[in-house]
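What follows is the content of entry.cif (mmCIF, C-alpha atoms and all ligand atoms).
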```cif
data_work
loop_
_atom_site.label_atom_id
_atom_site.label_comp_id
_atom_site.auth_asym_id
_atom_site.auth_seq_id
_atom_site.Cartn_x
_atom_site.Cartn_y
_atom_site.Cartn_z
CA MET A 1 -170.87 67.50 319.61
CA PRO A 2 -171.31 68.75 323.19
CA LEU A 3 -172.93 66.27 325.56
CA GLU A 4 -176.40 66.68 327.00
CA VAL A 5 -176.34 66.73 330.79
CA VAL A 6 -179.57 64.81 331.51
CA SER A 7 -178.73 61.90 329.20
CA ILE A 8 -175.23 61.69 330.67
CA LEU A 9 -176.67 61.58 334.19
CA ARG A 10 -179.07 58.78 333.16
CA GLU A 11 -176.16 56.74 331.78
CA LEU A 12 -174.22 57.27 335.03
CA VAL A 13 -177.12 56.35 337.34
CA ARG A 14 -177.76 53.15 335.32
CA ARG A 15 -174.24 51.97 336.14
CA PRO A 16 -173.85 50.91 339.80
CA SER A 17 -170.73 52.19 341.57
CA ILE A 18 -171.56 51.25 345.13
CA ASN A 19 -169.05 51.78 347.86
CA PRO A 20 -169.16 48.72 350.18
CA MET A 21 -168.46 51.08 353.12
CA SER A 22 -165.97 48.67 354.66
CA ARG A 23 -162.39 47.55 354.29
CA ASP A 24 -163.40 43.94 353.66
CA ALA A 25 -165.60 43.91 350.58
CA PRO A 26 -166.85 40.50 349.38
CA GLN A 27 -164.96 38.82 346.51
CA GLY A 28 -166.18 39.97 343.12
CA THR A 29 -167.13 43.50 344.25
CA LEU A 30 -166.82 45.81 341.22
CA PHE A 31 -166.61 49.09 343.17
CA GLU A 32 -166.57 52.08 340.76
CA GLN A 33 -165.45 50.05 337.72
CA PRO A 34 -168.71 50.26 335.64
CA VAL A 35 -168.68 54.05 335.91
CA THR A 36 -164.93 54.32 335.28
CA ASP A 37 -165.31 52.25 332.07
CA TYR A 38 -168.12 54.51 330.91
CA LEU A 39 -166.12 57.67 331.66
CA ASN A 40 -163.25 56.24 329.65
CA GLU A 41 -165.55 55.82 326.63
CA VAL A 42 -166.88 59.36 326.98
CA PHE A 43 -163.36 60.81 327.17
CA GLN A 44 -162.43 58.94 324.00
CA THR A 45 -165.40 60.32 322.07
CA LEU A 46 -164.46 63.83 323.25
CA ASN A 47 -160.90 63.36 322.08
CA VAL A 48 -159.37 64.42 325.40
CA THR A 49 -156.42 62.67 326.99
CA PRO A 50 -157.35 60.43 329.94
CA TYR A 51 -154.93 59.73 332.79
CA ARG A 52 -155.39 56.74 335.11
CA GLN A 53 -154.33 56.38 338.71
CA GLN A 54 -154.96 52.92 340.12
CA VAL A 55 -155.90 53.30 343.80
CA ALA A 56 -156.92 49.65 344.45
CA ASP A 57 -158.38 46.69 342.51
CA HIS A 58 -161.25 48.00 340.31
CA ARG A 59 -160.69 51.47 341.75
CA VAL A 60 -159.20 54.02 339.36
CA ASN A 61 -159.07 57.80 339.61
CA LEU A 62 -159.70 58.87 336.03
CA VAL A 63 -158.68 62.36 334.92
CA ALA A 64 -159.33 63.99 331.54
CA ARG A 65 -157.22 66.89 330.43
CA LEU A 66 -158.07 69.63 327.95
CA ASP A 67 -155.00 71.75 327.31
CA GLY A 68 -155.41 75.47 327.79
CA SER A 69 -154.38 78.43 325.74
CA PRO A 70 -152.00 79.86 326.74
CA ALA A 71 -150.29 76.89 328.43
CA PRO A 72 -149.91 77.00 332.24
CA SER A 73 -146.18 77.63 331.87
CA GLU A 74 -146.97 80.73 329.78
CA GLY A 75 -149.46 82.30 332.18
CA GLY A 76 -152.52 80.10 331.52
CA LYS A 77 -154.67 79.02 334.47
CA ILE A 78 -155.16 75.46 335.71
CA LEU A 79 -158.73 74.56 336.71
CA VAL A 80 -159.71 71.19 338.21
CA LEU A 81 -163.35 70.09 338.19
CA GLU A 82 -163.64 67.13 340.57
CA ALA A 83 -166.40 64.64 341.47
CA HIS A 84 -166.42 61.24 343.13
CA GLN A 85 -167.56 58.15 341.23
CA ASP A 86 -168.85 56.09 344.17
CA THR A 87 -172.28 56.13 345.82
CA VAL A 88 -173.53 54.83 349.15
CA PRO A 89 -175.32 51.41 349.14
CA VAL A 90 -178.91 50.96 347.94
CA THR A 91 -180.30 48.99 350.91
CA GLY A 92 -183.80 50.13 351.87
CA MET A 93 -184.38 52.29 348.79
CA THR A 94 -188.04 52.71 347.88
CA ILE A 95 -187.38 53.39 344.17
CA ASP A 96 -185.42 51.41 341.58
CA PRO A 97 -181.89 52.69 342.27
CA PHE A 98 -180.68 52.19 338.69
CA ALA A 99 -183.75 53.02 336.55
CA ALA A 100 -182.76 56.70 336.22
CA GLU A 101 -186.39 57.57 335.80
CA VAL A 102 -187.29 61.13 334.80
CA ARG A 103 -190.54 62.26 336.43
CA ALA A 104 -191.97 65.52 337.78
CA GLY A 105 -188.95 67.57 336.70
CA ARG A 106 -186.62 65.28 338.62
CA LEU A 107 -184.23 62.45 337.84
CA TRP A 108 -184.45 59.60 340.36
CA GLY A 109 -181.91 56.97 341.44
CA ARG A 110 -178.88 56.21 343.60
CA GLY A 111 -176.25 58.87 342.95
CA ALA A 112 -178.71 61.15 341.10
CA CYS A 113 -177.91 63.81 343.71
CA ASP A 114 -174.68 62.59 345.38
CA VAL A 115 -172.86 63.00 343.11
CA LYS A 116 -173.37 61.64 339.62
CA SER A 117 -175.18 64.95 338.95
CA GLY A 118 -171.81 66.61 339.54
CA ILE A 119 -170.02 64.21 337.18
CA ALA A 120 -172.66 64.88 334.50
CA CYS A 121 -172.19 68.67 334.91
CA ILE A 122 -168.41 68.62 334.62
CA LEU A 123 -168.43 66.19 331.67
CA THR A 124 -170.87 68.46 329.87
CA VAL A 125 -168.72 71.52 330.59
CA LEU A 126 -165.67 69.66 329.29
CA SER A 127 -167.51 68.64 326.12
CA ARG A 128 -168.55 72.24 325.40
CA LEU A 129 -165.02 73.52 325.89
CA ALA A 130 -163.59 70.68 323.79
CA ALA A 131 -166.01 71.46 320.96
CA GLU A 132 -165.56 75.25 321.05
CA ARG A 133 -161.91 75.55 322.12
CA PRO A 134 -162.29 79.22 323.08
CA ASP A 135 -159.10 81.27 323.22
CA PRO A 136 -158.03 82.13 325.85
CA ARG A 137 -159.11 79.19 328.02
CA PRO A 138 -157.73 77.53 331.16
CA THR A 139 -156.20 74.08 331.18
CA VAL A 140 -159.12 72.01 332.46
CA LEU A 141 -158.75 68.73 334.34
CA VAL A 142 -161.91 66.74 334.93
CA ALA A 143 -161.06 64.46 337.84
CA CYS A 144 -163.34 61.55 338.75
CA THR A 145 -162.08 60.05 342.00
CA VAL A 146 -162.98 56.86 343.89
CA ASP A 147 -163.94 56.00 347.47
CA GLU A 148 -165.21 59.34 348.79
CA GLU A 149 -167.95 57.73 350.88
CA PHE A 150 -165.69 55.55 353.03
CA GLY A 151 -161.89 55.66 353.02
CA VAL A 152 -161.28 58.82 350.95
CA THR A 153 -158.41 56.90 349.32
CA GLY A 154 -159.08 58.46 345.89
CA ALA A 155 -158.83 62.07 347.04
CA ARG A 156 -155.79 61.31 349.17
CA ALA A 157 -153.98 59.90 346.10
CA PHE A 158 -155.08 62.37 343.40
CA PRO A 159 -152.66 65.23 344.33
CA ASP A 160 -149.77 62.83 343.67
CA MET A 161 -150.69 62.98 339.96
CA TRP A 162 -150.46 66.76 339.68
CA MET A 163 -146.75 67.34 339.31
CA ASP A 164 -145.68 63.77 338.51
CA PRO A 165 -143.81 63.94 335.15
CA GLU A 166 -145.28 60.53 334.23
CA GLN A 167 -148.77 61.80 334.94
CA LEU A 168 -150.26 65.31 334.63
CA ASP A 169 -146.87 67.01 334.83
CA LEU A 170 -148.30 70.37 335.95
CA PRO A 171 -145.79 73.18 336.53
CA ARG A 172 -147.49 74.04 339.88
CA VAL A 173 -150.45 73.00 342.02
CA PRO A 174 -153.81 73.82 340.36
CA ASP A 175 -154.94 77.46 340.54
CA ALA A 176 -158.50 76.42 341.39
CA ILE A 177 -160.34 73.23 342.27
CA ILE A 178 -164.11 72.95 342.34
CA VAL A 179 -165.30 69.82 344.15
CA SER A 180 -168.80 68.71 343.13
CA GLU A 181 -171.24 68.05 345.96
CA PRO A 182 -174.88 69.06 346.37
CA THR A 183 -174.64 72.63 347.73
CA GLU A 184 -177.87 74.04 346.23
CA LEU A 185 -175.75 76.30 344.04
CA ASP A 186 -174.05 77.94 347.03
CA VAL A 187 -170.27 77.96 347.47
CA VAL A 188 -168.98 75.88 350.37
CA VAL A 189 -165.73 77.42 351.60
CA ALA A 190 -165.24 75.50 354.88
CA HIS A 191 -166.41 72.22 356.32
CA LYS A 192 -165.84 69.88 359.23
CA GLY A 193 -163.78 66.70 359.21
CA SER A 194 -164.39 63.47 361.08
CA LEU A 195 -162.74 61.06 363.45
CA ARG A 196 -164.32 57.61 363.89
CA TRP A 197 -163.27 54.74 366.06
CA LYS A 198 -164.42 51.75 368.13
CA CYS A 199 -164.10 51.31 371.90
CA HIS A 200 -164.55 48.12 373.89
CA THR A 201 -165.29 47.19 377.47
CA HIS A 202 -164.48 43.72 378.72
CA GLY A 203 -165.90 41.42 381.38
CA ARG A 204 -166.16 37.73 382.28
CA ALA A 205 -168.78 35.42 380.81
CA ALA A 206 -170.96 33.33 383.14
CA HIS A 207 -174.30 31.55 383.08
CA SER A 208 -177.07 34.15 383.39
CA SER A 209 -178.67 32.16 386.22
CA ARG A 210 -175.59 33.00 388.33
CA PRO A 211 -174.73 36.55 387.23
CA SER A 212 -172.61 37.21 390.32
CA GLU A 213 -170.02 34.76 388.93
CA GLY A 214 -169.49 36.92 385.84
CA GLU A 215 -168.53 40.49 385.10
CA ASN A 216 -170.97 42.27 382.81
CA ALA A 217 -169.28 44.21 379.98
CA ILE A 218 -172.57 45.86 379.01
CA TYR A 219 -173.10 47.29 382.50
CA ARG A 220 -169.57 48.65 382.30
CA MET A 221 -170.22 50.13 378.89
CA SER A 222 -173.40 51.78 380.14
CA ARG A 223 -171.29 53.91 382.46
CA VAL A 224 -169.01 54.82 379.56
CA ILE A 225 -172.07 55.73 377.50
CA ASN A 226 -173.49 57.99 380.22
CA ALA A 227 -170.17 59.78 380.46
CA THR A 228 -169.99 60.08 376.66
CA GLU A 229 -173.45 61.62 376.51
CA ARG A 230 -172.45 64.19 379.12
CA TYR A 231 -169.25 65.00 377.23
CA ALA A 232 -171.16 65.41 373.96
CA ALA A 233 -173.78 67.64 375.58
CA THR A 234 -171.43 70.00 377.36
CA MET A 235 -167.65 69.83 377.30
CA ILE A 236 -167.00 69.27 373.63
CA HIS A 237 -168.50 72.59 372.54
CA GLN A 238 -165.88 74.49 374.47
CA LEU A 239 -162.91 72.88 372.75
CA ALA A 240 -162.87 74.85 369.50
CA SER A 241 -165.02 76.99 367.25
CA HIS A 242 -164.99 78.22 363.65
CA PRO A 243 -167.09 81.19 362.47
CA LEU A 244 -168.55 79.28 359.50
CA VAL A 245 -168.93 75.69 360.74
CA GLY A 246 -169.48 76.18 364.46
CA VAL A 247 -168.30 73.90 367.24
CA PRO A 248 -167.12 70.26 367.36
CA THR A 249 -169.71 67.54 367.97
CA LEU A 250 -169.64 63.93 369.07
CA SER A 251 -172.19 61.21 368.38
CA LEU A 252 -172.37 57.60 369.48
CA GLY A 253 -173.71 55.71 366.48
CA ARG A 254 -173.43 51.95 367.09
CA ILE A 255 -173.39 49.47 369.95
CA GLN A 256 -172.81 45.75 369.97
CA GLY A 257 -172.43 43.33 372.85
CA GLY A 258 -173.37 39.98 374.28
CA MET A 259 -173.88 36.67 372.50
CA SER A 260 -177.09 35.43 374.09
CA VAL A 261 -179.61 36.51 376.71
CA ASN A 262 -178.61 33.62 378.96
CA VAL A 263 -174.91 34.54 379.06
CA VAL A 264 -173.36 37.37 381.05
CA PRO A 265 -171.64 39.37 378.29
CA ASP A 266 -167.85 39.50 378.30
CA GLN A 267 -167.57 42.16 375.62
CA CYS A 268 -169.30 45.35 374.50
CA THR A 269 -168.32 47.68 371.65
CA ILE A 270 -169.42 51.18 370.68
CA GLU A 271 -168.52 53.32 367.66
CA ILE A 272 -168.05 57.05 367.99
CA ASP A 273 -168.19 59.81 365.37
CA ARG A 274 -166.38 63.00 366.39
CA ARG A 275 -166.65 66.00 364.02
CA ILE A 276 -163.48 68.06 363.76
CA VAL A 277 -163.60 71.80 363.01
CA PRO A 278 -161.02 73.28 360.61
CA GLY A 279 -157.76 73.83 362.44
CA GLU A 280 -158.44 71.18 365.10
CA ASP A 281 -155.98 68.30 365.38
CA TRP A 282 -157.76 64.91 365.51
CA GLN A 283 -155.09 63.44 367.75
CA VAL A 284 -155.55 66.17 370.34
CA ALA A 285 -159.34 65.73 370.10
CA TRP A 286 -159.05 61.96 370.53
CA GLU A 287 -156.68 62.21 373.52
CA HIS A 288 -158.97 64.76 375.19
CA PHE A 289 -161.94 62.40 375.08
CA LYS A 290 -159.92 59.40 376.27
CA ARG A 291 -158.57 61.41 379.20
CA PHE A 292 -162.10 62.54 380.09
CA LEU A 293 -163.26 58.91 380.25
CA ASN A 294 -160.26 57.92 382.35
CA GLU A 295 -161.07 60.64 384.83
CA THR A 296 -164.85 60.20 384.83
CA VAL A 297 -165.08 56.41 385.01
CA PRO A 298 -161.62 55.51 386.33
CA ASP A 299 -162.64 52.01 387.42
CA VAL A 300 -163.83 50.92 383.94
CA ALA A 301 -161.09 49.72 381.57
CA VAL A 302 -161.85 50.91 378.05
CA THR A 303 -159.80 49.87 375.02
CA HIS A 304 -159.80 52.25 372.07
CA GLU A 305 -159.01 50.89 368.60
CA GLU A 306 -156.96 53.10 366.29
CA PRO A 307 -159.41 55.39 364.42
CA TYR A 308 -160.51 54.10 361.01
CA THR A 309 -161.47 57.57 359.73
CA THR A 310 -159.36 60.66 360.29
CA THR A 311 -160.24 63.48 357.90
CA PRO A 312 -159.43 67.04 358.84
CA GLY A 313 -161.83 69.87 358.16
CA MET A 314 -161.45 72.26 355.22
CA SER A 315 -160.54 75.79 356.21
CA ASP A 316 -161.32 78.95 354.26
CA ARG A 317 -157.73 80.13 354.64
CA ILE A 318 -156.68 80.13 350.94
CA ASN A 319 -159.89 79.97 348.88
CA GLY A 320 -161.27 83.50 349.36
CA ASP A 321 -160.53 84.80 345.84
CA LEU A 322 -161.81 81.66 344.15
CA ALA A 323 -165.01 81.72 346.23
CA LYS A 324 -165.63 85.37 345.33
CA ARG A 325 -165.15 84.72 341.61
CA LEU A 326 -167.42 81.69 341.54
CA SER A 327 -170.04 83.43 343.66
CA LYS A 328 -170.09 86.34 341.19
CA VAL A 329 -170.76 83.99 338.26
CA ILE A 330 -173.55 82.28 340.25
CA GLN A 331 -175.15 85.67 340.96
CA GLN A 332 -174.98 86.54 337.26
CA HIS A 333 -177.16 83.45 336.74
CA GLY A 334 -179.76 84.75 339.20
CA HIS A 335 -178.90 82.78 342.35
CA PRO A 336 -177.65 84.08 345.73
CA GLY A 337 -174.32 82.19 345.54
CA HIS A 338 -173.74 82.48 349.29
CA CYS A 339 -170.30 81.51 350.61
CA VAL A 340 -171.05 79.11 353.47
CA GLY A 341 -169.60 76.56 355.88
CA VAL A 342 -171.16 73.11 356.33
CA THR A 343 -170.97 70.31 358.88
CA TYR A 344 -170.58 67.39 356.43
CA GLY A 345 -167.25 66.36 354.93
CA THR A 346 -166.10 66.36 351.29
CA ASN A 347 -162.93 65.60 349.31
CA ALA A 348 -161.93 69.28 349.39
CA TRP A 349 -159.70 69.10 352.49
CA ALA A 350 -157.32 66.75 350.65
CA TYR A 351 -156.60 69.50 348.11
CA THR A 352 -156.51 72.56 350.38
CA SER A 353 -154.03 70.66 352.53
CA ARG A 354 -151.78 70.62 349.42
CA GLU A 355 -152.20 74.40 349.13
CA ALA A 356 -154.56 74.32 346.13
CA PRO A 357 -157.43 76.84 346.48
CA THR A 358 -160.56 74.67 346.60
CA VAL A 359 -164.30 75.25 347.00
CA VAL A 360 -167.33 72.93 346.86
CA PHE A 361 -170.23 73.60 344.50
CA GLY A 362 -173.01 71.68 342.80
CA PRO A 363 -176.71 71.17 342.12
CA GLY A 364 -179.12 69.53 344.56
CA SER A 365 -179.37 69.49 348.32
CA ILE A 366 -177.39 67.42 350.80
CA GLN A 367 -180.85 66.54 352.25
CA GLN A 368 -181.40 64.44 349.14
CA ALA A 369 -178.04 62.63 349.34
CA HIS A 370 -178.03 59.02 350.65
CA THR A 371 -181.87 58.93 350.85
CA VAL A 372 -184.29 56.08 350.07
CA ASP A 373 -185.73 57.96 347.09
CA GLU A 374 -182.74 60.04 345.95
CA TRP A 375 -183.44 62.59 343.21
CA ILE A 376 -182.09 65.72 341.57
CA GLU A 377 -184.06 68.62 340.14
CA ILE A 378 -183.28 68.79 336.43
CA ASP A 379 -183.54 72.56 336.35
CA GLN A 380 -180.75 72.85 338.97
CA LEU A 381 -178.65 70.32 337.10
CA GLU A 382 -178.79 72.49 333.99
CA GLN A 383 -178.19 75.70 335.96
CA ALA A 384 -175.10 74.24 337.63
CA THR A 385 -173.73 73.19 334.24
CA ASP A 386 -174.18 76.67 332.80
CA ILE A 387 -172.58 78.25 335.87
CA LEU A 388 -169.53 75.97 335.76
CA TYR A 389 -169.15 76.53 332.03
CA ALA A 390 -169.33 80.32 332.46
CA PHE A 391 -166.84 80.12 335.31
CA ALA A 392 -164.40 78.06 333.22
CA ARG A 393 -164.70 80.55 330.33
CA SER A 394 -163.97 83.44 332.68
CA PHE A 395 -161.08 81.80 334.53
CA VAL A 396 -158.32 83.07 332.26
CA HIS A 397 -156.62 85.84 334.23
CA ASP A 398 -156.05 87.02 337.81
ZN ZN B 401 -170.83 63.10 347.73
#
```
Turn the structure described in the file into structure tokens.
Amino acid sequence: MPLEVVSILRELVRRPSINPMSRDAPQGTLFEQPVTDYLNEVFQTLNVTPYRQQVADHRVNLVARLDGSPAPSEGGKILVLEAHQDTVPVTGMTIDPFAAEVRAGRLWGRGACDVKSGIACILTVLSRLAAERPDPRPTVLVACTVDEEFGVTGARAFPDMWMDPEQLDLPRVPDAIIVSEPTELDVVVAHKGSLRWKCHTHGRAAHSSRPSEGENAIYRMSRVINATERYAATMIHQLASHPLVGVPTLSLGRIQGGMSVNVVPDQCTIEIDRRIVPGEDWQVAWEHFKRFLNETVPDVAVTHEEPYTTTPGMSDRINGDLAKRLSKVIQQHGHPGHCVGVTYGTNAWAYTSREAPTVVFGPGSIQQAHTVDEWIEIDQLEQATDILYAFARSFVHD
């Protein structure tokens, strides 16, 4: 029996799979485990072979495989439908994050949009194909990866499964990968990457009644901040440009410093988010900014920690044919199916960098991702499922 997409999404939203958004999660954190266990059950009822790739404790990339006809080695296509299992935290949400309430044509809850809706779509597509076994059909891999929202460790590891004889044992990299993210039924063919790191200024602590005996790290940082704002407003836009995603950007997102109002602060820290356009090298981008600071505020010593996020952008270099094919199917379902570039990141770069043609597609809007009252429109959820199913049925020849 094929699955029903709304009930699957409700089951997924009811199971928390919160990404702690840090390298040091508290003991007992379950990460994606409740969702992974559920996916395992679903794959068993569908009678498809699951493959597991342990990425960390409680963090497993789970991949279901439905063999195609003909086999990939005899000219059959290989199609990967991918979605991440994790969600952002639920702090500050104004609705019950796990109630999966259906109201006003929408399904509400954490992950309803980003991106348990995508998991529900691809599971439903898999269930239809498993029930009908059309001939010809592509070999379909439904890949549910971990840790998209923070370290991207799941997507970095998944390509290692492709040709591993102990794992998926594919004869070549996949012919097409569709990464699920809320794109409002458009096809994302390029996106930016990001570079994130911390910088510190240092000083000397002293009693605040005698500030001249100390050296104020916050005053020093304020000069760094002014220079950073200037850099972000002017220079950075001239460094690179991509016709679909535009120019690089830089944003200062956090600041921390001082221990008490009556102590001259000896330390101040900021965190910077630099968006990389496809083709830009993060190391070059990083060095450029550091050099700018050195030249602009030469008398302030700034220490830069090694970046904790370095994800390149996704370029549209090898996905043109795939994008055209998917866009055609979307148009046949009455939607524009525009091929677009976006400024946010996804897992897709990790697959294009292994030379697998990859695009991003899914129901819902990125405006609804990570929000305090996250929801997905049920009509779009069903449309996306039909589109992906039709695409899979049609993906049998060049
Ligand atoms: Zn997402």
- Task: Grab me every residue within 12 Å of ligand ZN 401 (chain B), counting all atoms listed in the file, and send it over as a PyMOL selection string.
- Result: chain A and resi 19+82-88+110-119+144-150+152+179-183+344-348+360-370
Point (-160.2, 78.8, 332.3) neighbourhood (12 Å, all atoms listed in the file) written as JSON, numbers by chain: {"A": [66, 67, 68, 69, 70, 71, 72, 75, 76, 77, 78, 79, 80, 81, 125, 126, 129, 133, 134, 135, 136, 137, 138, 139, 140, 141, 174, 175, 176, 177, 388, 389, 390, 391, 392, 393, 394, 395, 396, 397, 398]}
Problem set entry | Point-to-point distance in Å for CA of Gly341 in chain A and CA of Ile318 in chain A |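 Interatomic distance, CA of Ile318 in chain A to CA of Gly341 in chain A: 14.3 Å.
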What's the 7 Å shell around Leu9 in chain A, counting only C-alpha atoms, without same-chain residues fewer than 3 positions away, as a PyMOL selection string? chain A and resi 5-6+12-13+116-117+120
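Here the residues that fall within 8 Å of (-167.6, 54.5, 377.9), using all atoms listed in the file, are given as A:Cys199, A:Thr201, A:Arg220, A:Met221, A:Ser222, A:Arg223, A:Val224, A:Ile225, A:Asn226, A:Ala227, A:Thr228, A:Leu293, A:Val297, A:Val300, A:Val302.
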